[in-house]
Amino acid sequence: MDRFQKMRNSREVAAENRERIVAIAAELFRKRGTTAVGVAELMEAAGMTHGGFYKHFRSKDALVNEACALSFRDPGGGLRAAAEAAKPGEELKIIVDRYLSRKHRDNPGKGCALAALGSEAANRDSPAREALAAGRERLVSLVAQYMKGADAKERANAFVATMVGALITARVADGAGSDAVLRAAKRELYQRIEQQG
């Protein structure tokens with residue numbers, strides 16, 4: 001193998017390692033919060049040494065921002081794809097059903113970063129704030145495209161706020177109370193869907 005090929009392989013391995021670190025960080029941060037997950041734990045979960053972290057990232061803050069951005073490539077675990085596959089007129093109900101599901105509630109590491117990290121980012125100058133704000137905008141835009149009327153964007157903002165707030169509340173509540181939160185929020189959002197005609 002010549003020197004050029006070795007360099008190329010080395011760059012490919014480095015890029016794969018970086019992607020693995022970001023993906024693992026995205027899940028761990030959503031499960032436990034950005035401050036609760038240390039660099040050493042993160043690198044161990046990725047199968048690498050703590051010292052290798054700084055070959056890939058300037059700082060943990062840089063990783064937090066990138067991991068949160070990755071989390072929003074597909075908000076809420078496939079909402080866009082599910083909405084696009086739905087029958088015409090059923091898109092918003094599908095979004096509600098997917099977002100306010102037990103599966104989403106019970107798996108924060110695989111779900112919406114806004115629900116998992118929004119309060120953490122809102123309470124301080126968080127490195128996640130920019131990525132979460134951009135992700136929230138994309139989620140609002142997804143919902144707005146299925147809203148009718150001139151004030152679609154405004155209503156989509158309220159719709160998303162209700163979904164995110166309900167998911168957070170359901171995660172805080174226990175047992176039957178948690179399920180009741182999901183049901184009540186779905187009922188409320190279904191009514192809003194029906195009222196738009």
# chains A, B, ... in the order shown; residues from 1 in each chain; ligands from 1
>>> residues_around(residues="A:Leu114", least_positions_apart="5", cutoff="12 Å", atoms="only C-alpha atoms", output="PDB file with N, CA and C atoms, in the first residue's frame")
ATOM      1  N   ALA A  26     -25.116  12.182  20.523  1.00  0.00           N
ATOM      2  CA  ALA A  26     -26.501  12.621  20.302  1.00  0.00           C
ATOM      3  C   ALA A  26     -27.461  11.787  21.146  1.00  0.00           C
ATOM      4  N   PHE A  29     -26.666  12.400  25.111  1.00  0.00           N
ATOM      5  CA  PHE A  29     -27.097  13.734  25.545  1.00  0.00           C
ATOM      6  C   PHE A  29     -28.612  13.789  25.690  1.00  0.00           C
ATOM      7  N   ARG A  30     -29.343  13.190  24.738  1.00  0.00           N
ATOM      8  CA  ARG A  30     -30.807  13.192  24.818  1.00  0.00           C
ATOM      9  C   ARG A  30     -31.295  12.344  25.988  1.00  0.00           C
ATOM     10  N   LYS A  31     -30.585  11.276  26.310  1.00  0.00           N
ATOM     11  CA  LYS A  31     -30.977  10.423  27.435  1.00  0.00           C
ATOM     12  C   LYS A  31     -30.754  11.105  28.774  1.00  0.00           C
ATOM     13  N   GLY A  33     -28.780  14.405  29.270  1.00  0.00           N
ATOM     14  CA  GLY A  33     -28.429  15.821  29.312  1.00  0.00           C
ATOM     15  C   GLY A  33     -26.962  16.023  28.975  1.00  0.00           C
ATOM     16  N   CYS A  68     -26.456  17.803  18.633  1.00  0.00           N
ATOM     17  CA  CYS A  68     -27.843  18.289  18.618  1.00  0.00           C
ATOM     18  C   CYS A  68     -28.318  18.524  17.195  1.00  0.00           C
ATOM     19  N   ALA A  69     -27.443  19.040  16.353  1.00  0.00           N
ATOM     20  CA  ALA A  69     -27.802  19.231  14.949  1.00  0.00           C
ATOM     21  C   ALA A  69     -28.111  17.886  14.293  1.00  0.00           C
ATOM     22  N   SER A  71     -29.281  15.276  15.754  1.00  0.00           N
ATOM     23  CA  SER A  71     -30.555  14.817  16.308  1.00  0.00           C
ATOM     24  C   SER A  71     -31.749  15.356  15.538  1.00  0.00           C
ATOM     25  N   PHE A  72     -31.585  16.500  14.899  1.00  0.00           N
ATOM     26  CA  PHE A  72     -32.696  17.127  14.185  1.00  0.00           C
ATOM     27  C   PHE A  72     -32.703  16.846  12.694  1.00  0.00           C
ATOM     28  N   PRO A  75     -36.459  14.955  12.729  1.00  0.00           N
ATOM     29  CA  PRO A  75     -37.093  15.274  14.002  1.00  0.00           C
ATOM     30  C   PRO A  75     -38.161  14.272  14.420  1.00  0.00           C
ATOM     31  N   GLY A  76     -38.111  13.908  15.693  1.00  0.00           N
ATOM     32  CA  GLY A  76     -39.154  13.051  16.247  1.00  0.00           C
ATOM     33  C   GLY A  76     -39.174  11.640  15.711  1.00  0.00           C
ATOM     34  N   TYR A  99     -45.286  11.524  17.390  1.00  0.00           N
ATOM     35  CA  TYR A  99     -44.583  12.336  18.391  1.00  0.00           C
ATOM     36  C   TYR A  99     -45.069  12.022  19.797  1.00  0.00           C
ATOM     37  N   PRO A 108     -36.053   8.590  25.077  1.00  0.00           N
ATOM     38  CA  PRO A 108     -35.564   9.945  24.810  1.00  0.00           C
ATOM     39  C   PRO A 108     -34.247   9.983  24.032  1.00  0.00           C
ATOM     40  N   GLY A 109     -33.419   8.952  24.191  1.00  0.00           N
ATOM     41  CA  GLY A 109     -32.150   8.922  23.473  1.00  0.00           C
ATOM     42  C   GLY A 109     -32.299   8.819  21.973  1.00  0.00           C
ATOM     43  N   SER A 119     -35.122  22.492  27.880  1.00  0.00           N
ATOM     44  CA  SER A 119     -35.076  23.263  29.126  1.00  0.00           C
ATOM     45  C   SER A 119     -33.644  23.506  29.565  1.00  0.00           C
ATOM     46  N   GLU A 120     -32.765  22.552  29.313  1.00  0.00           N
ATOM     47  CA  GLU A 120     -31.348  22.734  29.653  1.00  0.00           C
ATOM     48  C   GLU A 120     -30.749  23.883  28.848  1.00  0.00           C
ATOM     49  N   ALA A 121     -31.060  23.935  27.577  1.00  0.00           N
ATOM     50  CA  ALA A 121     -30.511  24.979  26.709  1.00  0.00           C
ATOM     51  C   ALA A 121     -31.137  26.343  26.990  1.00  0.00           C
ATOM     52  N   ALA A 122     -32.385  26.355  27.431  1.00  0.00           N
ATOM     53  CA  ALA A 122     -33.080  27.621  27.675  1.00  0.00           C
ATOM     54  C   ALA A 122     -32.604  28.311  28.953  1.00  0.00           C
ATOM     55  N   ALA A 128     -25.869  23.960  22.904  1.00  0.00           N
ATOM     56  CA  ALA A 128     -26.938  23.294  22.160  1.00  0.00           C
ATOM     57  C   ALA A 128     -27.995  24.268  21.673  1.00  0.00           C
ATOM     58  N   ARG A 129     -27.984  25.459  22.186  1.00  0.00           N
ATOM     59  CA  ARG A 129     -29.071  26.410  21.925  1.00  0.00           C
ATOM     60  C   ARG A 129     -29.296  26.678  20.434  1.00  0.00           C
ATOM     61  N   GLU A 130     -28.235  26.936  19.709  1.00  0.00           N
ATOM     62  CA  GLU A 130     -28.358  27.254  18.281  1.00  0.00           C
ATOM     63  C   GLU A 130     -28.928  26.080  17.492  1.00  0.00           C
ATOM     64  N   ALA A 131     -28.406  24.874  17.760  1.00  0.00           N
ATOM     65  CA  ALA A 131     -28.894  23.691  17.045  1.00  0.00           C
ATOM     66  C   ALA A 131     -30.343  23.395  17.420  1.00  0.00           C
ATOM     67  N   LEU A 132     -30.698  23.575  18.678  1.00  0.00           N
ATOM     68  CA  LEU A 132     -32.080  23.324  19.105  1.00  0.00           C
ATOM     69  C   LEU A 132     -33.040  24.338  18.495  1.00  0.00           C
ATOM     70  N   ALA A 133     -32.609  25.581  18.417  1.00  0.00           N
ATOM     71  CA  ALA A 133     -33.458  26.612  17.797  1.00  0.00           C
ATOM     72  C   ALA A 133     -33.686  26.298  16.319  1.00  0.00           C
ATOM     73  N   ALA A 134     -32.636  25.883  15.624  1.00  0.00           N
ATOM     74  CA  ALA A 134     -32.769  25.531  14.206  1.00  0.00           C
ATOM     75  C   ALA A 134     -33.648  24.287  14.039  1.00  0.00           C
ATOM     76  N   GLY A 135     -33.495  23.318  14.916  1.00  0.00           N
ATOM     77  CA  GLY A 135     -34.316  22.117  14.863  1.00  0.00           C
ATOM     78  C   GLY A 135     -35.778  22.409  15.144  1.00  0.00           C
ATOM     79  N   ARG A 136     -36.027  23.297  16.094  1.00  0.00           N
ATOM     80  CA  ARG A 136     -37.399  23.692  16.399  1.00  0.00           C
ATOM     81  C   ARG A 136     -38.033  24.344  15.176  1.00  0.00           C
ATOM     82  N   GLU A 137     -37.271  25.190  14.510  1.00  0.00           N
ATOM     83  CA  GLU A 137     -37.781  25.852  13.295  1.00  0.00           C
ATOM     84  C   GLU A 137     -38.151  24.833  12.233  1.00  0.00           C
ATOM     85  N   ARG A 138     -37.321  23.804  12.055  1.00  0.00           N
ATOM     86  CA  ARG A 138     -37.620  22.777  11.054  1.00  0.00           C
ATOM     87  C   ARG A 138     -38.876  21.994  11.424  1.00  0.00           C
ATOM     88  N   LEU A 139     -39.040  21.717  12.706  1.00  0.00           N
ATOM     89  CA  LEU A 139     -40.232  21.001  13.158  1.00  0.00           C
ATOM     90  C   LEU A 139     -41.480  21.856  12.948  1.00  0.00           C
ATOM     91  N   VAL A 140     -41.384  23.133  13.254  1.00  0.00           N
ATOM     92  CA  VAL A 140     -42.510  24.050  13.023  1.00  0.00           C
ATOM     93  C   VAL A 140     -42.822  24.131  11.530  1.00  0.00           C
ATOM     94  N   VAL A 160     -46.573  22.771  17.847  1.00  0.00           N
ATOM     95  CA  VAL A 160     -45.296  22.162  18.239  1.00  0.00           C
ATOM     96  C   VAL A 160     -45.048  22.370  19.733  1.00  0.00           C
ATOM     97  N   ALA A 161     -45.337  23.566  20.227  1.00  0.00           N
ATOM     98  CA  ALA A 161     -45.152  23.831  21.658  1.00  0.00           C
ATOM     99  C   ALA A 161     -46.012  22.877  22.496  1.00  0.00           C
ATOM    100  N   MET A 163     -47.050  19.825  21.549  1.00  0.00           N
ATOM    101  CA  MET A 163     -46.482  18.476  21.447  1.00  0.00           C
ATOM    102  C   MET A 163     -45.260  18.322  22.351  1.00  0.00           C
ATOM    103  N   VAL A 164     -44.343  19.282  22.270  1.00  0.00           N
ATOM    104  CA  VAL A 164     -43.109  19.189  23.049  1.00  0.00           C
ATOM    105  C   VAL A 164     -43.424  19.243  24.546  1.00  0.00           C
ATOM    106  N   GLY A 165     -44.272  20.189  24.940  1.00  0.00           N
ATOM    107  CA  GLY A 165     -44.642  20.304  26.343  1.00  0.00           C
ATOM    108  C   GLY A 165     -45.331  19.061  26.870  1.00  0.00           C
ATOM    109  N   LEU A 167     -44.965  15.982  25.712  1.00  0.00           N
ATOM    110  CA  LEU A 167     -43.998  14.888  25.799  1.00  0.00           C
ATOM    111  C   LEU A 167     -43.152  15.022  27.065  1.00  0.00           C
ATOM    112  N   ILE A 168     -42.698  16.237  27.345  1.00  0.00           N
ATOM    113  CA  ILE A 168     -41.916  16.470  28.565  1.00  0.00           C
ATOM    114  C   ILE A 168     -42.754  16.123  29.791  1.00  0.00           C
TER     115      ILE A 168
END
>>> select_by_dssp(residues="stretch 1-166 of chain A", states="helix (DSSP H, G or I)", output="VMD selection string")
chain A and resid 3 to 32 39 to 45 50 to 56 60 to 71 79 to 85 91 to 99 102 to 106 108 to 110 113 to 122 129 to 144 152 to 166
>>> atom_distance(atom1="atom CA of A:Asn107", atom2="atom CA of A:Thr35")
19.0 Å
>>> residues_around(residues="stretch 179-194 of chain A", least_positions_apart="3", cutoff="8 Å", atoms="only C-alpha atoms", output="JSON, numbers by chain")
{"A": [92, 93, 96, 97, 100, 101, 102, 159, 162, 163, 166, 167, 169, 170, 175, 176, 197]}
>>> closest_residue(among="A:Ile94, A:Ala85, A:Leu79, A:Leu117", to="A:Ser141", atoms="only C-alpha atoms")
A:Leu79
>>> closest_residue(among="A:Asp106, A:Val64, A:Gly111, A:Ala15", to="A:Ala36", atoms="only C-alpha atoms")
A:Val64
>>> residues_around(residues="A:Lys148", least_positions_apart="2", cutoff="8 Å", atoms="only C-alpha atoms", output="VMD selection string")
chain A and resid 146 150 to 152 196 to 197
>>> closest_residue(among="A:Glu41, A:Glu12, A:Asp125, A:Glu19", to="A:Leu63", atoms="only C-alpha atoms")
A:Glu19
